[in-house]
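Student: Just so it is clear, I am handing over query.pdb, which has PDB, C-alpha atoms.
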```pdb
ATOM      1  CA  ASP A   1     -19.548 -97.447 -26.962
ATOM      2  CA  SER A   2     -20.798 -94.843 -29.413
ATOM      3  CA  GLY A   3     -24.442 -95.583 -28.499
ATOM      4  CA  THR A   4     -24.108 -94.009 -25.060
ATOM      5  CA  SER A   5     -22.396 -90.773 -26.068
ATOM      6  CA  GLY A   6     -25.476 -89.395 -27.843
ATOM      7  CA  GLY A   7     -27.979 -90.950 -25.433
ATOM      8  CA  PRO A   8     -30.835 -89.271 -23.618
ATOM      9  CA  ASP A   9     -28.602 -87.957 -20.859
ATOM     10  CA  ALA A  10     -26.694 -85.765 -23.312
ATOM     11  CA  GLY A  11     -29.929 -84.334 -24.692
ATOM     12  CA  GLU A  12     -31.390 -83.706 -21.253
ATOM     13  CA  GLY A  13     -28.206 -81.918 -20.177
ATOM     14  CA  GLY A  14     -28.432 -79.660 -23.212
ATOM     15  CA  VAL A  15     -32.062 -78.785 -22.473
ATOM     16  CA  ALA A  16     -31.218 -78.211 -18.819
ATOM     17  CA  GLN A  17     -28.490 -75.725 -19.766
ATOM     18  CA  LEU A  18     -30.554 -73.879 -22.378
ATOM     19  CA  PRO A  19     -32.128 -71.313 -20.001
ATOM     20  CA  ALA A  20     -28.694 -70.375 -18.649
ATOM     21  CA  LEU A  21     -27.360 -69.955 -22.187
ATOM     22  CA  LEU A  22     -30.367 -67.859 -23.215
ATOM     23  CA  ALA A  23     -30.027 -65.711 -20.084
ATOM     24  CA  ALA A  24     -26.362 -65.098 -20.905
ATOM     25  CA  CYS A  25     -27.226 -64.149 -24.487
ATOM     26  CA  MET A  26     -29.830 -61.694 -23.218
ATOM     27  CA  ASP A  27     -27.337 -59.743 -21.139
ATOM     28  CA  SER A  28     -27.372 -56.048 -22.073
ATOM     29  CA  GLY A  29     -23.654 -56.218 -22.904
ATOM     30  CA  MET A  30     -24.168 -58.879 -25.570
ATOM     31  CA  PRO A  31     -24.443 -57.976 -29.265
ATOM     32  CA  GLU A  32     -27.984 -57.420 -30.510
ATOM     33  CA  ASP A  33     -27.703 -60.418 -32.849
ATOM     34  CA  LEU A  34     -27.232 -62.771 -29.877
ATOM     35  CA  GLN A  35     -30.167 -61.178 -28.066
ATOM     36  CA  CYS A  36     -32.315 -61.687 -31.180
ATOM     37  CA  LEU A  37     -31.158 -65.295 -31.441
ATOM     38  CA  ALA A  38     -32.133 -65.887 -27.813
ATOM     39  CA  LEU A  39     -35.617 -64.438 -28.393
ATOM     40  CA  HIS A  40     -35.982 -66.506 -31.544
ATOM     41  CA  SER A  41     -35.006 -69.615 -29.566
ATOM     42  CA  ILE A  42     -37.617 -68.839 -26.937
ATOM     43  CA  ALA A  43     -40.269 -68.400 -29.611
ATOM     44  CA  THR A  44     -39.426 -71.659 -31.397
ATOM     45  CA  LEU A  45     -38.459 -73.919 -28.490
ATOM     46  CA  SER A  46     -41.368 -73.261 -26.183
ATOM     47  CA  ASP A  47     -43.127 -76.587 -26.576
ATOM     48  CA  PRO A  48     -44.577 -78.227 -23.436
ATOM     49  CA  GLY A  49     -41.922 -80.984 -23.363
ATOM     50  CA  ALA A  50     -39.039 -78.499 -23.397
ATOM     51  CA  ARG A  51     -40.682 -76.411 -20.677
ATOM     52  CA  GLN A  52     -41.183 -79.484 -18.482
ATOM     53  CA  ALA A  53     -37.534 -80.527 -18.881
ATOM     54  CA  GLN A  54     -36.378 -76.974 -18.108
ATOM     55  CA  GLY A  55     -38.596 -76.841 -15.032
ATOM     56  CA  SER A  56     -37.303 -80.154 -13.668
ATOM     57  CA  ALA A  57     -33.717 -78.918 -13.989
ATOM     58  CA  ALA A  58     -34.359 -75.476 -12.463
ATOM     59  CA  LYS A  59     -33.578 -76.554  -8.894
ATOM     60  CA  SER A  60     -30.183 -78.024  -9.824
ATOM     61  CA  ARG A  61     -29.288 -74.893 -11.825
ATOM     62  CA  LEU A  62     -30.125 -72.657  -8.872
ATOM     63  CA  GLU A  63     -28.091 -74.859  -6.553
ATOM     64  CA  ALA A  64     -25.165 -74.609  -8.979
ATOM     65  CA  GLY A  65     -25.384 -70.800  -9.010
ATOM     66  CA  VAL A  66     -26.608 -70.510 -12.627
ATOM     67  CA  PRO A  67     -28.747 -67.385 -13.103
ATOM     68  CA  PRO A  68     -32.309 -68.254 -14.098
ATOM     69  CA  LEU A  69     -34.035 -67.086 -17.247
ATOM     70  CA  THR A  70     -36.635 -64.920 -15.557
ATOM     71  CA  PRO A  71     -39.429 -62.832 -17.055
ATOM     72  CA  LYS A  72     -37.523 -59.743 -15.881
ATOM     73  CA  VAL A  73     -34.449 -60.731 -17.930
ATOM     74  CA  VAL A  74     -36.582 -61.390 -21.009
ATOM     75  CA  ASN A  75     -38.500 -58.133 -20.488
ATOM     76  CA  SER A  76     -35.313 -56.065 -20.569
ATOM     77  CA  VAL A  77     -34.389 -57.589 -23.939
ATOM     78  CA  LEU A  78     -37.897 -57.144 -25.305
ATOM     79  CA  VAL A  79     -37.924 -53.457 -24.389
ATOM     80  CA  ARG A  80     -34.573 -52.937 -26.127
ATOM     81  CA  LEU A  81     -35.510 -54.850 -29.277
ATOM     82  CA  ILE A  82     -39.159 -53.913 -29.832
ATOM     83  CA  PRO A  83     -38.344 -50.852 -31.990
ATOM     84  CA  ARG A  84     -36.087 -52.873 -34.321
ATOM     85  CA  GLN A  85     -37.560 -56.387 -34.131
ATOM     86  CA  PRO A  86     -41.299 -56.041 -33.388
ATOM     87  CA  LEU A  87     -42.422 -59.346 -34.926
ATOM     88  CA  LEU A  88     -39.674 -61.313 -33.206
ATOM     89  CA  CYS A  89     -40.669 -59.746 -29.883
ATOM     90  CA  LEU A  90     -44.334 -60.465 -30.550
ATOM     91  CA  ASN A  91     -43.530 -64.120 -31.310
ATOM     92  CA  ALA A  92     -41.482 -64.434 -28.119
ATOM     93  CA  LEU A  93     -44.266 -62.833 -26.074
ATOM     94  CA  ALA A  94     -46.795 -65.238 -27.578
ATOM     95  CA  ALA A  95     -44.640 -68.233 -26.679
ATOM     96  CA  LEU A  96     -43.966 -66.968 -23.158
ATOM     97  CA  ALA A  97     -47.638 -66.179 -22.549
ATOM     98  CA  LEU A  98     -48.142 -69.931 -22.173
ATOM     99  CA  GLN A  99     -46.194 -69.820 -18.907
ATOM    100  CA  GLU A 100     -48.129 -68.469 -15.946
ATOM    101  CA  ASP A 101     -45.197 -66.679 -14.269
ATOM    102  CA  CYS A 102     -44.353 -64.875 -17.528
ATOM    103  CA  ARG A 103     -47.991 -64.042 -18.221
ATOM    104  CA  CYS A 104     -48.389 -62.477 -14.776
ATOM    105  CA  TYR A 105     -45.157 -60.490 -15.032
ATOM    106  CA  PHE A 106     -45.653 -59.260 -18.588
ATOM    107  CA  GLY A 107     -49.279 -58.363 -17.857
ATOM    108  CA  ALA A 108     -48.003 -55.795 -15.359
ATOM    109  CA  GLN A 109     -45.502 -54.183 -17.778
ATOM    110  CA  MET A 110     -47.118 -51.102 -19.309
ATOM    111  CA  SER A 111     -44.584 -50.809 -22.155
ATOM    112  CA  LEU A 112     -45.347 -54.355 -23.331
ATOM    113  CA  LEU A 113     -49.089 -53.800 -23.080
ATOM    114  CA  GLN A 114     -48.724 -50.653 -25.172
ATOM    115  CA  PHE A 115     -46.690 -52.602 -27.731
ATOM    116  CA  LEU A 116     -49.361 -55.303 -27.937
ATOM    117  CA  ALA A 117     -52.090 -52.667 -28.328
ATOM    118  CA  HIS A 118     -50.082 -51.012 -31.114
ATOM    119  CA  CYS A 119     -49.670 -54.345 -32.926
ATOM    120  CA  CYS A 120     -53.403 -55.034 -32.647
ATOM    121  CA  GLN A 121     -54.508 -51.552 -33.688
ATOM    122  CA  GLN A 122     -51.928 -51.026 -36.438
ATOM    123  CA  PRO A 123     -50.690 -54.431 -37.607
ATOM    124  CA  SER A 124     -49.485 -53.092 -40.944
ATOM    125  CA  ALA A 125     -47.279 -50.514 -39.200
ATOM    126  CA  ALA A 126     -45.692 -53.221 -37.028
ATOM    127  CA  ALA A 127     -45.156 -55.440 -40.065
ATOM    128  CA  ALA A 128     -43.677 -52.561 -42.075
ATOM    129  CA  SER A 129     -41.161 -51.731 -39.345
ATOM    130  CA  ALA A 130     -40.202 -55.400 -39.166
ATOM    131  CA  SER A 131     -39.675 -55.516 -42.951
ATOM    132  CA  ALA A 132     -37.507 -52.408 -42.804
ATOM    133  CA  CYS A 133     -35.354 -54.025 -40.117
ATOM    134  CA  SER A 134     -34.868 -57.264 -42.020
ATOM    135  CA  VAL A 135     -33.670 -55.441 -45.147
ATOM    136  CA  GLU A 136     -30.653 -53.917 -43.369
TER
END
```
I'd like the structure from this file rewritten - as structure tokens, please.
Tutor:
Amino acid sequence: DSGTSGGPDAGEGGVAQLPALLAACMDSGMPEDLQCLALHSIATLSDPGARQAQGSAAKSRLEAGVPPLTPKVVNSVLVRLIPRQPLLCLNALAALALQEDCRCYFGAQMSLLQFLAHCCQQPSAAAASASACSVE
């Protein structure tokens, strides 16, 4: 039956595996384009429904040995990409700030706080560096 192959279970499985896929893309050995794609996904897919589905699947992923998408993993990518992709990093930070564990972790990271201060104090400089990166 073709009605069951694209049913809700298939969608839920995809959402449940998304954090593991994003964590793999954020590995320091991955190409920068994949790391950027992962940050872009975080920024665009961070609606409350997706977060709830990811949270409900977290226990099964941990039991299966899948590495979690932690604030520490995201932070390492942000620090690497801020000089070349400041607006993407800012968008990802904004999306992640909705999650309490991320907000607490990122609030203790001096480099990210300095980046946010720079974006607030000199928004045109951050935008200009982002434009220069997208032209490449």
Student: Could you tell me how far atom CA of Ser124 of chain A sits from atom CA of Val74 of chain A, in Å to one decimal place?
Tutor: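 Distance reported for this atom pair: 25.2 Å.
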Student: Evaluating the PyMOL selection byres ((chain A and resi 106) around 12) on the displayed file yields which residues, as a count of residues only?
Tutor: 32
Student: Going by the chain IDs and residue numbers used in this file, which residues fall under the PyMOL selection byres ((chain A and resi 36-46) around 9)? Write them as an MDAnalysis selection string.
Tutor: chainID A and resid 21:23 25:26 31:35 47:51 74 77:78 81 85 88:96 98
Student: Just give me the gap between atom CA of Gln17 of chain A and atom CA of Met30 of chain A in Å, one decimal is fine.
Tutor: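 Between atom CA of Gln17 of chain A and atom CA of Met30 of chain A the gap works out to 18.3 Å.
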Student: Expressed in Å to a single decimal, how great is the separation between atom CA of Ile82 of chain A and atom CA of Cys119 of chain A?
Tutor: 11.0 Å
Student: Would you fill the gaps in segment 34-45 of chain A so it has all heavy atoms, then print it as an mmCIF file, in the frame of the given file?
Tutor:
```
data_model
loop_
_atom_site.group_PDB
_atom_site.id
_atom_site.type_symbol
_atom_site.label_atom_id
_atom_site.label_comp_id
_atom_site.auth_asym_id
_atom_site.auth_seq_id
_atom_site.Cartn_x
_atom_site.Cartn_y
_atom_site.Cartn_z
ATOM 1 N N LEU A 34 -27.089 -61.679 -30.845
ATOM 2 C CA LEU A 34 -27.232 -62.771 -29.877
ATOM 3 C C LEU A 34 -28.531 -62.633 -29.094
ATOM 4 O O LEU A 34 -29.186 -63.631 -28.791
ATOM 5 C CB LEU A 34 -26.047 -62.807 -28.915
ATOM 6 C CG LEU A 34 -24.757 -63.385 -29.474
ATOM 7 C CD1 LEU A 34 -23.647 -63.320 -28.436
ATOM 8 C CD2 LEU A 34 -24.966 -64.814 -29.937
ATOM 9 N N GLN A 35 -28.909 -61.398 -28.770
ATOM 10 C CA GLN A 35 -30.167 -61.178 -28.066
ATOM 11 C C GLN A 35 -31.343 -61.598 -28.945
ATOM 12 O O GLN A 35 -32.287 -62.233 -28.471
ATOM 13 C CB GLN A 35 -30.290 -59.723 -27.644
ATOM 14 C CG GLN A 35 -29.247 -59.320 -26.618
ATOM 15 C CD GLN A 35 -29.278 -57.830 -26.300
ATOM 16 O OE1 GLN A 35 -30.148 -57.098 -26.733
ATOM 17 N NE2 GLN A 35 -28.314 -57.396 -25.514
ATOM 18 N N CYS A 36 -31.272 -61.275 -30.239
ATOM 19 C CA CYS A 36 -32.315 -61.687 -31.180
ATOM 20 C C CYS A 36 -32.368 -63.208 -31.297
ATOM 21 O O CYS A 36 -33.458 -63.797 -31.334
ATOM 22 C CB CYS A 36 -32.084 -61.066 -32.548
ATOM 23 S SG CYS A 36 -32.387 -59.298 -32.613
ATOM 24 N N LEU A 37 -31.218 -63.838 -31.355
ATOM 25 C CA LEU A 37 -31.158 -65.295 -31.441
ATOM 26 C C LEU A 37 -31.804 -65.932 -30.206
ATOM 27 O O LEU A 37 -32.534 -66.916 -30.315
ATOM 28 C CB LEU A 37 -29.710 -65.755 -31.586
ATOM 29 C CG LEU A 37 -29.496 -67.266 -31.677
ATOM 30 C CD1 LEU A 37 -30.168 -67.836 -32.921
ATOM 31 C CD2 LEU A 37 -28.011 -67.577 -31.690
ATOM 32 N N ALA A 38 -31.541 -65.364 -29.042
ATOM 33 C CA ALA A 38 -32.133 -65.887 -27.813
ATOM 34 C C ALA A 38 -33.656 -65.757 -27.846
ATOM 35 O O ALA A 38 -34.374 -66.697 -27.486
ATOM 36 C CB ALA A 38 -31.558 -65.164 -26.597
ATOM 37 N N LEU A 39 -34.163 -64.607 -28.292
ATOM 38 C CA LEU A 39 -35.617 -64.438 -28.393
ATOM 39 C C LEU A 39 -36.203 -65.403 -29.416
ATOM 40 O O LEU A 39 -37.272 -65.979 -29.197
ATOM 41 C CB LEU A 39 -35.969 -63.000 -28.779
ATOM 42 C CG LEU A 39 -35.923 -61.963 -27.676
ATOM 43 C CD1 LEU A 39 -36.358 -60.606 -28.213
ATOM 44 C CD2 LEU A 39 -36.789 -62.358 -26.492
ATOM 45 N N HIS A 40 -35.511 -65.570 -30.523
ATOM 46 C CA HIS A 40 -35.982 -66.506 -31.544
ATOM 47 C C HIS A 40 -36.026 -67.927 -30.968
ATOM 48 O O HIS A 40 -36.966 -68.679 -31.228
ATOM 49 C CB HIS A 40 -35.076 -66.445 -32.771
ATOM 50 C CG HIS A 40 -35.491 -67.381 -33.857
ATOM 51 N ND1 HIS A 40 -36.617 -67.179 -34.623
ATOM 52 C CD2 HIS A 40 -34.942 -68.539 -34.284
ATOM 53 C CE1 HIS A 40 -36.733 -68.174 -35.481
ATOM 54 N NE2 HIS A 40 -35.729 -69.004 -35.296
ATOM 55 N N SER A 41 -35.038 -68.288 -30.196
ATOM 56 C CA SER A 41 -35.006 -69.615 -29.566
ATOM 57 C C SER A 41 -36.176 -69.796 -28.619
ATOM 58 O O SER A 41 -36.803 -70.852 -28.590
ATOM 59 C CB SER A 41 -33.693 -69.817 -28.810
ATOM 60 O OG SER A 41 -32.613 -69.780 -29.705
ATOM 61 N N ILE A 42 -36.476 -68.763 -27.851
ATOM 62 C CA ILE A 42 -37.617 -68.839 -26.937
ATOM 63 C C ILE A 42 -38.903 -69.049 -27.723
ATOM 64 O O ILE A 42 -39.745 -69.863 -27.362
ATOM 65 C CB ILE A 42 -37.706 -67.565 -26.072
ATOM 66 C CG1 ILE A 42 -36.601 -67.588 -25.028
ATOM 67 C CG2 ILE A 42 -39.070 -67.440 -25.410
ATOM 68 C CD1 ILE A 42 -36.474 -66.304 -24.247
ATOM 69 N N ALA A 43 -39.049 -68.311 -28.814
ATOM 70 C CA ALA A 43 -40.269 -68.400 -29.611
ATOM 71 C C ALA A 43 -40.426 -69.770 -30.265
ATOM 72 O O ALA A 43 -41.540 -70.274 -30.393
ATOM 73 C CB ALA A 43 -40.277 -67.301 -30.673
ATOM 74 N N THR A 44 -39.330 -70.394 -30.676
ATOM 75 C CA THR A 44 -39.426 -71.659 -31.397
ATOM 76 C C THR A 44 -39.293 -72.890 -30.511
ATOM 77 O O THR A 44 -39.745 -73.963 -30.896
ATOM 78 C CB THR A 44 -38.370 -71.746 -32.513
ATOM 79 O OG1 THR A 44 -37.081 -71.587 -31.956
ATOM 80 C CG2 THR A 44 -38.613 -70.694 -33.565
ATOM 81 N N LEU A 45 -38.699 -72.754 -29.347
ATOM 82 C CA LEU A 45 -38.459 -73.919 -28.490
ATOM 83 C C LEU A 45 -39.400 -74.002 -27.300
ATOM 84 O O LEU A 45 -39.103 -74.699 -26.334
ATOM 85 C CB LEU A 45 -37.013 -73.905 -27.975
ATOM 86 C CG LEU A 45 -35.930 -74.012 -29.028
ATOM 87 C CD1 LEU A 45 -34.555 -73.869 -28.385
ATOM 88 C CD2 LEU A 45 -36.038 -75.321 -29.772
#
```
